[in-house]
file work-v9.txt (compact mmCIF, C-alpha atoms)
# COMPACT_ATOMS: atom_id res chain seq x y z
CA MET S 1 75.05 71.05 -18.49
CA ASN S 2 72.25 70.75 -21.04
CA LYS S 3 72.19 73.41 -23.66
CA PRO S 4 68.74 74.83 -24.51
CA TYR S 5 68.81 73.87 -28.20
CA SER S 6 70.07 70.36 -27.40
CA THR S 7 67.11 69.92 -25.07
CA VAL S 8 64.73 71.15 -27.79
CA LYS S 9 66.20 68.57 -30.16
CA ARG S 10 65.67 65.74 -27.65
CA TYR S 11 62.05 66.76 -27.04
CA SER S 12 61.49 67.08 -30.77
CA TRP S 13 62.46 63.43 -31.28
CA GLY S 14 59.68 62.50 -28.85
CA LEU S 15 57.21 64.76 -30.67
CA LEU S 16 58.22 63.18 -33.97
CA LEU S 17 57.46 59.71 -32.59
CA LEU S 18 54.08 60.90 -31.30
CA ARG S 19 53.24 62.49 -34.65
CA LEU S 20 54.28 59.43 -36.63
CA SER S 21 52.36 56.95 -34.49
CA LEU S 22 49.21 59.08 -34.18
CA GLY S 23 49.23 60.14 -37.83
CA PHE S 24 49.72 56.57 -39.04
CA SER S 25 46.97 55.28 -36.74
CA PHE S 26 44.50 57.92 -37.92
CA ALA S 27 45.41 57.33 -41.58
CA VAL S 28 44.78 53.59 -41.20
CA HIS S 29 41.47 54.17 -39.40
CA GLY S 30 40.37 56.59 -42.12
CA TYR S 31 41.40 54.20 -44.88
CA ASP S 32 39.39 51.48 -43.14
CA LYS S 33 36.29 53.70 -43.24
CA PHE S 34 36.68 54.04 -47.01
CA SER S 35 37.67 50.43 -47.73
CA GLY S 36 34.80 49.07 -45.61
CA GLY S 37 32.43 51.13 -47.70
CA ILE S 38 32.06 54.77 -46.79
CA VAL S 39 28.31 54.46 -47.43
CA ASN S 40 28.14 51.88 -44.62
CA THR S 41 30.08 54.23 -42.36
CA SER S 42 27.71 57.04 -43.33
CA ARG S 43 24.69 54.91 -42.40
CA TRP S 44 26.33 54.02 -39.10
CA PHE S 45 26.84 57.73 -38.36
CA ASP S 46 23.12 58.25 -39.12
CA SER S 47 22.20 55.49 -36.67
CA LEU S 48 24.17 57.34 -33.97
CA GLY S 49 22.20 60.51 -34.58
CA LEU S 50 25.07 62.18 -36.43
CA PRO S 51 24.70 63.48 -39.99
CA GLY S 52 25.80 60.72 -42.37
CA ILE S 53 27.73 63.19 -44.50
CA LEU S 54 30.02 63.70 -41.49
CA ALA S 55 31.47 60.23 -42.13
CA TYR S 56 33.10 61.52 -45.32
CA GLY S 57 34.65 64.47 -43.52
CA VAL S 58 35.93 62.36 -40.64
CA ALA S 59 37.38 59.73 -42.98
CA LEU S 60 39.11 62.40 -45.08
CA LEU S 61 40.41 64.12 -41.95
CA GLU S 62 41.79 60.82 -40.70
CA VAL S 63 43.50 59.86 -43.98
CA LEU S 64 44.77 63.20 -45.25
CA GLY S 65 45.24 64.67 -41.79
CA GLY S 66 47.11 61.56 -40.68
CA ILE S 67 49.54 61.91 -43.57
CA ALA S 68 49.96 65.64 -42.89
CA LEU S 69 50.46 64.98 -39.17
CA MET S 70 53.24 62.49 -39.90
CA ALA S 71 54.98 65.22 -41.89
CA GLY S 72 54.32 67.76 -39.16
CA LEU S 73 52.13 69.97 -41.33
CA ALA S 74 49.37 71.93 -39.53
CA THR S 75 50.09 69.93 -36.37
CA ARG S 76 48.16 72.14 -33.97
CA LEU S 77 45.13 72.53 -36.24
CA LEU S 78 44.91 68.79 -36.90
CA SER S 79 45.39 68.03 -33.21
CA ALA S 80 42.48 70.32 -32.32
CA LEU S 81 40.27 68.61 -34.91
CA TYR S 82 41.28 65.16 -33.66
CA ILE S 83 40.43 66.18 -30.10
CA ILE S 84 36.92 67.05 -31.29
CA VAL S 85 36.56 63.78 -33.22
CA MET S 86 37.80 61.68 -30.29
CA THR S 87 35.59 63.50 -27.79
CA VAL S 88 32.53 62.81 -29.94
CA ALA S 89 33.61 59.19 -30.48
CA ILE S 90 34.01 58.61 -26.75
CA TYR S 91 30.74 60.34 -25.86
CA LYS S 92 28.52 58.97 -28.65
CA VAL S 93 29.94 55.48 -29.12
CA LYS S 94 32.46 54.20 -26.61
CA PHE S 95 31.66 55.61 -23.16
CA ALA S 96 28.89 53.13 -22.36
CA GLY S 97 31.38 50.27 -22.68
CA GLY S 98 33.49 51.57 -19.78
CA PHE S 99 37.15 52.49 -19.79
CA LEU S 100 38.24 49.41 -21.74
CA GLY S 101 35.81 50.49 -24.44
CA PHE S 102 37.37 53.90 -25.00
CA GLU S 103 40.99 53.66 -23.87
CA LEU S 104 42.31 53.85 -27.46
CA GLU S 105 40.26 56.95 -28.23
CA LEU S 106 41.32 58.51 -24.94
CA THR S 107 44.97 57.79 -25.77
CA PHE S 108 44.54 59.41 -29.19
CA LEU S 109 42.85 62.39 -27.52
CA VAL S 110 45.66 62.85 -24.98
CA ILE S 111 48.39 62.57 -27.65
CA SER S 112 46.47 65.12 -29.73
CA LEU S 113 46.27 67.41 -26.71
CA ALA S 114 50.03 67.10 -26.16
CA LEU S 115 50.68 67.99 -29.81
CA LEU S 116 48.21 70.88 -29.62
CA ILE S 117 50.12 72.29 -26.66
CA SER S 118 53.65 71.65 -27.93
CA GLY S 119 53.34 71.78 -31.71
CA GLY S 120 55.20 69.52 -34.09
CA GLY S 121 58.74 70.17 -32.90
CA ILE S 122 61.77 71.09 -34.95
CA TYR S 123 61.55 67.95 -37.11
CA SER S 124 58.35 69.10 -38.79
CA VAL S 125 57.17 70.95 -41.86
CA ASP S 126 55.58 73.46 -39.50
CA HIS S 127 59.01 74.34 -38.10
CA ALA S 128 60.58 74.46 -41.57
CA LEU S 129 57.91 76.92 -42.74
CA PHE S 130 57.47 78.92 -39.53
CA PRO S 131 60.51 78.47 -37.27
CA SER S 132 60.24 79.63 -33.68
CA LYS S 133 62.29 82.78 -33.13
CA LYS S 134 63.19 81.60 -29.64
CA ILE S 135 64.50 78.26 -30.93
CA LEU S 136 66.46 79.98 -33.70
CA MET S 137 68.06 82.32 -31.13
CA GLU S 138 68.98 79.38 -28.89
CA LYS S 139 70.47 77.53 -31.87
CA ARG S 140 72.56 80.56 -32.85
CA ALA S 141 73.72 81.10 -29.27
CA GLU S 142 74.68 77.45 -28.91
CA SER S 143 76.54 77.49 -32.23
CA ALA S 144 78.36 80.69 -31.26
CA SER S 145 79.42 79.30 -27.88
CA GLU S 146 80.73 76.11 -29.50
CA SER S 147 82.75 78.02 -32.10
CA ALA S 148 84.12 80.63 -29.67
CA PRO S 149 87.68 80.00 -28.51
CA ALA S 150 88.02 78.90 -24.91
CA LEU S 151 89.55 81.44 -22.52
CA THR S 152 92.62 80.20 -20.72
CA GLU S 153 94.56 81.76 -17.91
call {"tool": "encode", "arguments": {"input": "work-v9.txt", "output": "structure tokens"}}
result
Amino acid sequence: MNKPYSTVKRYSWGLLLLRLSLGFSFAVHGYDKFSGGIVNTSRWFDSLGLPGILAYGVALLEVLGGIALMAGLATRLLSALYIIVMTVAIYKVKFAGGFLGFELELTFLVISLALLISGGGIYSVDHALFPSKKILMEKRAESASESAPALTE
């Protein structure tokens, strides 16, 4: 029989992997925007009909947010912001190229949606700062049942 807290721990390992891979990917993409010349990225945003200054915000969100996401800090907030960024990227840039033109952005969007719904899991800064009362109760109940002496007849 699976114990509730044990199940939470297993799911949290999956959430950790999602956070690490998505956060790292966003951080690398953001770094690329800066290293390729953020002014060039800003001009490209202008050519798409987006304010060029937005390039700075997106690049910062990708780099700093990616690092924070890997740590599990502000997971839901960052996920919501990434959903917005990926929706705009698909609509404004990638959609015309067909599915093979936007599958990466769609994957990032879906992972962000999963993290928005579930949060960062127990292996996150979010959980360390604001632990779920339900998870804490399950952990205590599981610990109590393991330490309680078994009844014998």
call {"tool": "closest_residue", "arguments": {"input": "work-v9.txt", "among": "S:Trp44, S:Pro4, S:Glu62, S:Ile83", "to": "Ile111 (chain S)", "atoms": "all atoms listed in the file"}}
result
S:Ile83
call {"tool": "residues_near_point", "arguments": {"input": "work-v9.txt", "point": "(48.3, 66.3, -39.0)", "cutoff": "6 Å", "atoms": "only C-alpha atoms", "output": "ChimeraX atom specification"}}
result
/S:65-66,68-69,73-75,78
call {"tool": "residues_around", "arguments": {"input": "work-v9.txt", "residues": "region 134-140 of chain S", "least_positions_apart": "4", "cutoff": "10 Å", "atoms": "only C-alpha atoms", "output": "list in words"}}
result
Lys3, Pro4, Tyr5, Ser6, Val8, Lys9, Ile122, His127, Ala144, Ser145 and Glu146 of chain S
call {"tool": "residues_around", "arguments": {"input": "work-v9.txt", "residues": "region 46-59 of chain S", "least_positions_apart": "4", "cutoff": "8 Å", "atoms": "all atoms listed in the file", "output": "PDB file with C-alpha atoms, in the frame of the given file"}}
result
ATOM      1  CA  HIS S  29      41.470  54.170 -39.400  1.00  0.00           C
ATOM      2  CA  GLY S  30      40.370  56.590 -42.120  1.00  0.00           C
ATOM      3  CA  TYR S  31      41.400  54.200 -44.880  1.00  0.00           C
ATOM      4  CA  LYS S  33      36.290  53.700 -43.240  1.00  0.00           C
ATOM      5  CA  PHE S  34      36.680  54.040 -47.010  1.00  0.00           C
ATOM      6  CA  ILE S  38      32.060  54.770 -46.790  1.00  0.00           C
ATOM      7  CA  THR S  41      30.080  54.230 -42.360  1.00  0.00           C
ATOM      8  CA  SER S  42      27.710  57.040 -43.330  1.00  0.00           C
ATOM      9  CA  VAL S  63      43.500  59.860 -43.980  1.00  0.00           C
ATOM     10  CA  VAL S  85      36.560  63.780 -33.220  1.00  0.00           C
ATOM     11  CA  LYS S  92      28.520  58.970 -28.650  1.00  0.00           C
ATOM     12  CA  VAL S  93      29.940  55.480 -29.120  1.00  0.00           C
TER      13      VAL S  93
END
call {"tool": "closest_residue", "arguments": {"input": "work-v9.txt", "among": "S:Met86, S:Met70, S:Ala128, S:Ile117", "to": "Glu105 (chain S)", "atoms": "all atoms listed in the file"}}
result
S:Met86
call {"tool": "closest_residue", "arguments": {"input": "work-v9.txt", "among": "S:Phe99, S:Trp13, S:Tyr82, S:Phe108", "to": "Leu61 (chain S)", "atoms": "only C-alpha atoms"}}
result
S:Tyr82
call {"tool": "closest_residue", "arguments": {"input": "work-v9.txt", "among": "S:Leu17, S:Leu116, S:Leu106, S:Leu77", "to": "Lys94 (chain S)", "atoms": "only C-alpha atoms"}}
result
S:Leu106
call {"tool": "closest_residue", "arguments": {"input": "work-v9.txt", "among": "S:Val88, S:Leu64, S:Val39, S:Leu81", "to": "Ala27 (chain S)", "atoms": "all atoms listed in the file"}}
result
S:Leu64
call {"tool": "closest_residue", "arguments": {"input": "work-v9.txt", "among": "S:Leu104, S:Ala96, S:Glu142, S:Leu22", "to": "Ser79 (chain S)", "atoms": "all atoms listed in the file"}}
result
S:Leu22
call {"tool": "atom_distance", "arguments": {"input": "work-v9.txt", "atom1": "CA of Gly101 (chain S)", "atom2": "CA of Phe26 (chain S)"}}
result
17.7 Å
call {"tool": "atom_distance", "arguments": {"input": "work-v9.txt", "atom1": "CA of Asn40 (chain S)", "atom2": "CA of Arg19 (chain S)"}}
result
29.0 Å
call {"tool": "atom_distance", "arguments": {"input": "work-v9.txt", "atom1": "CA of Ser132 (chain S)", "atom2": "CA of Leu20 (chain S)"}}
result
21.3 Å
call {"tool": "decode", "arguments": {"input": "work-v9.txt", "residues": "region 95-142 of chain S", "atoms": "N, CA and C atoms", "output": "mmCIF file, in the first residue's frame"}}
result
data_model
loop_
_atom_site.group_PDB
_atom_site.id
_atom_site.type_symbol
_atom_site.label_atom_id
_atom_site.label_comp_id
_atom_site.auth_asym_id
_atom_site.auth_seq_id
_atom_site.Cartn_x
_atom_site.Cartn_y
_atom_site.Cartn_z
ATOM 1 N N PHE S 95 4.195 29.982 -35.282
ATOM 2 C CA PHE S 95 2.992 29.277 -35.736
ATOM 3 C C PHE S 95 2.955 29.081 -37.251
ATOM 4 N N ALA S 96 3.413 30.063 -37.982
ATOM 5 C CA ALA S 96 3.365 29.988 -39.449
ATOM 6 C C ALA S 96 4.201 28.830 -39.990
ATOM 7 N N GLY S 97 5.192 28.404 -39.243
ATOM 8 C CA GLY S 97 6.058 27.307 -39.679
ATOM 9 C C GLY S 97 5.462 25.929 -39.450
ATOM 10 N N GLY S 98 4.258 25.845 -38.913
ATOM 11 C CA GLY S 98 3.636 24.558 -38.630
ATOM 12 C C GLY S 98 4.143 23.968 -37.326
ATOM 13 N N PHE S 99 3.619 22.794 -37.006
ATOM 14 C CA PHE S 99 3.920 22.181 -35.706
ATOM 15 C C PHE S 99 5.421 22.007 -35.475
ATOM 16 N N LEU S 100 6.153 21.592 -36.498
ATOM 17 C CA LEU S 100 7.592 21.392 -36.317
ATOM 18 C C LEU S 100 8.328 22.706 -36.108
ATOM 19 N N GLY S 101 7.658 23.812 -36.319
ATOM 20 C CA GLY S 101 8.246 25.111 -36.051
ATOM 21 C C GLY S 101 8.040 25.586 -34.624
ATOM 22 N N PHE S 102 7.068 25.008 -33.928
ATOM 23 C CA PHE S 102 6.796 25.493 -32.565
ATOM 24 C C PHE S 102 6.701 24.379 -31.524
ATOM 25 N N GLU S 103 7.161 23.179 -31.865
ATOM 26 C CA GLU S 103 7.017 22.087 -30.895
ATOM 27 C C GLU S 103 7.826 22.320 -29.620
ATOM 28 N N LEU S 104 9.004 22.953 -29.717
ATOM 29 C CA LEU S 104 9.793 23.229 -28.517
ATOM 30 C C LEU S 104 9.068 24.228 -27.616
ATOM 31 N N GLU S 105 8.554 25.287 -28.206
ATOM 32 C CA GLU S 105 7.833 26.290 -27.426
ATOM 33 C C GLU S 105 6.571 25.696 -26.805
ATOM 34 N N LEU S 106 5.893 24.832 -27.553
ATOM 35 C CA LEU S 106 4.697 24.177 -27.019
ATOM 36 C C LEU S 106 5.064 23.259 -25.851
ATOM 37 N N THR S 107 6.180 22.556 -25.976
ATOM 38 C CA THR S 107 6.647 21.695 -24.880
ATOM 39 C C THR S 107 6.953 22.531 -23.643
ATOM 40 N N PHE S 108 7.652 23.644 -23.825
ATOM 41 C CA PHE S 108 7.943 24.544 -22.706
ATOM 42 C C PHE S 108 6.644 25.061 -22.082
ATOM 43 N N LEU S 109 5.677 25.395 -22.924
ATOM 44 C CA LEU S 109 4.392 25.900 -22.436
ATOM 45 C C LEU S 109 3.675 24.834 -21.604
ATOM 46 N N VAL S 110 3.658 23.603 -22.084
ATOM 47 C CA VAL S 110 2.947 22.533 -21.369
ATOM 48 C C VAL S 110 3.649 22.201 -20.048
ATOM 49 N N ILE S 111 4.976 22.174 -20.041
ATOM 50 C CA ILE S 111 5.699 21.936 -18.787
ATOM 51 C C ILE S 111 5.414 23.074 -17.806
ATOM 52 N N SER S 112 5.392 24.299 -18.316
ATOM 53 C CA SER S 112 5.070 25.454 -17.465
ATOM 54 C C SER S 112 3.660 25.338 -16.895
ATOM 55 N N LEU S 113 2.735 24.883 -17.712
ATOM 56 C CA LEU S 113 1.360 24.694 -17.249
ATOM 57 C C LEU S 113 1.300 23.629 -16.149
ATOM 58 N N ALA S 114 2.033 22.534 -16.342
ATOM 59 C CA ALA S 114 2.072 21.482 -15.315
ATOM 60 C C ALA S 114 2.632 22.028 -14.002
ATOM 61 N N LEU S 115 3.686 22.836 -14.082
ATOM 62 C CA LEU S 115 4.273 23.406 -12.868
ATOM 63 C C LEU S 115 3.368 24.468 -12.249
ATOM 64 N N LEU S 116 2.622 25.190 -13.078
ATOM 65 C CA LEU S 116 1.657 26.160 -12.555
ATOM 66 C C LEU S 116 0.581 25.440 -11.749
ATOM 67 N N ILE S 117 0.119 24.317 -12.262
ATOM 68 C CA ILE S 117 -0.932 23.556 -11.585
ATOM 69 C C ILE S 117 -0.408 22.890 -10.316
ATOM 70 N N SER S 118 0.765 22.266 -10.396
ATOM 71 C CA SER S 118 1.248 21.438 -9.291
ATOM 72 C C SER S 118 2.173 22.150 -8.318
ATOM 73 N N GLY S 119 2.806 23.215 -8.747
ATOM 74 C CA GLY S 119 3.800 23.870 -7.902
ATOM 75 C C GLY S 119 5.134 23.165 -8.025
ATOM 76 N N GLY S 120 6.071 23.551 -7.195
ATOM 77 C CA GLY S 120 7.437 23.045 -7.305
ATOM 78 C C GLY S 120 7.704 21.717 -6.636
ATOM 79 N N GLY S 121 6.785 21.235 -5.829
ATOM 80 C CA GLY S 121 7.007 19.980 -5.113
ATOM 81 C C GLY S 121 7.760 20.202 -3.808
ATOM 82 N N ILE S 122 7.995 19.110 -3.106
ATOM 83 C CA ILE S 122 8.615 19.237 -1.777
ATOM 84 C C ILE S 122 10.116 19.500 -1.853
ATOM 85 N N TYR S 123 10.726 19.243 -3.002
ATOM 86 C CA TYR S 123 12.157 19.519 -3.165
ATOM 87 C C TYR S 123 12.337 20.880 -3.822
ATOM 88 N N SER S 124 11.797 21.905 -3.183
ATOM 89 C CA SER S 124 11.851 23.252 -3.740
ATOM 90 C C SER S 124 11.984 24.274 -2.617
ATOM 91 N N VAL S 125 12.497 25.427 -2.978
ATOM 92 C CA VAL S 125 12.569 26.535 -2.024
ATOM 93 C C VAL S 125 11.155 26.953 -1.623
ATOM 94 N N ASP S 126 10.243 26.925 -2.592
ATOM 95 C CA ASP S 126 8.843 27.257 -2.275
ATOM 96 C C ASP S 126 8.333 26.419 -1.106
ATOM 97 N N HIS S 127 8.578 25.121 -1.151
ATOM 98 C CA HIS S 127 8.090 24.238 -0.089
ATOM 99 C C HIS S 127 8.820 24.507 1.222
ATOM 100 N N ALA S 128 10.127 24.801 1.135
ATOM 101 C CA ALA S 128 10.885 25.093 2.354
ATOM 102 C C ALA S 128 10.363 26.360 3.034
ATOM 103 N N LEU S 129 9.974 27.347 2.225
ATOM 104 C CA LEU S 129 9.484 28.611 2.789
ATOM 105 C C LEU S 129 8.011 28.554 3.183
ATOM 106 N N PHE S 130 7.217 27.868 2.369
ATOM 107 C CA PHE S 130 5.766 27.825 2.574
ATOM 108 C C PHE S 130 5.260 26.389 2.445
ATOM 109 N N PRO S 131 5.562 25.530 3.416
ATOM 110 C CA PRO S 131 5.159 24.122 3.282
ATOM 111 C C PRO S 131 3.640 23.956 3.305
ATOM 112 N N SER S 132 3.190 23.009 2.520
ATOM 113 C CA SER S 132 1.763 22.686 2.464
ATOM 114 C C SER S 132 1.350 22.037 3.782
ATOM 115 N N LYS S 133 0.283 22.549 4.387
ATOM 116 C CA LYS S 133 -0.194 21.972 5.649
ATOM 117 C C LYS S 133 -0.637 20.527 5.453
ATOM 118 N N LYS S 134 -1.251 20.247 4.313
ATOM 119 C CA LYS S 134 -1.718 18.893 4.037
ATOM 120 C C LYS S 134 -0.532 17.928 3.949
ATOM 121 N N ILE S 135 0.522 18.338 3.260
ATOM 122 C CA ILE S 135 1.703 17.474 3.133
ATOM 123 C C ILE S 135 2.361 17.275 4.490
ATOM 124 N N LEU S 136 2.455 18.345 5.283
ATOM 125 C CA LEU S 136 3.043 18.216 6.621
ATOM 126 C C LEU S 136 2.238 17.256 7.491
ATOM 127 N N MET S 137 0.902 17.318 7.399
ATOM 128 C CA MET S 137 0.055 16.404 8.172
ATOM 129 C C MET S 137 0.269 14.962 7.710
ATOM 130 N N GLU S 138 0.357 14.746 6.400
ATOM 131 C CA GLU S 138 0.585 13.397 5.884
ATOM 132 C C GLU S 138 1.941 12.866 6.338
ATOM 133 N N LYS S 139 2.951 13.732 6.337
ATOM 134 C CA LYS S 139 4.290 13.335 6.769
ATOM 135 C C LYS S 139 4.279 12.936 8.245
ATOM 136 N N ARG S 140 3.605 13.746 9.064
ATOM 137 C CA ARG S 140 3.522 13.429 10.499
ATOM 138 C C ARG S 140 2.765 12.121 10.729
ATOM 139 N N ALA S 141 1.667 11.936 10.006
ATOM 140 C CA ALA S 141 0.872 10.716 10.164
ATOM 141 C C ALA S 141 1.678 9.495 9.739
ATOM 142 N N GLU S 142 2.417 9.620 8.653
ATOM 143 C CA GLU S 142 3.234 8.502 8.186
ATOM 144 C C GLU S 142 4.351 8.188 9.174
#
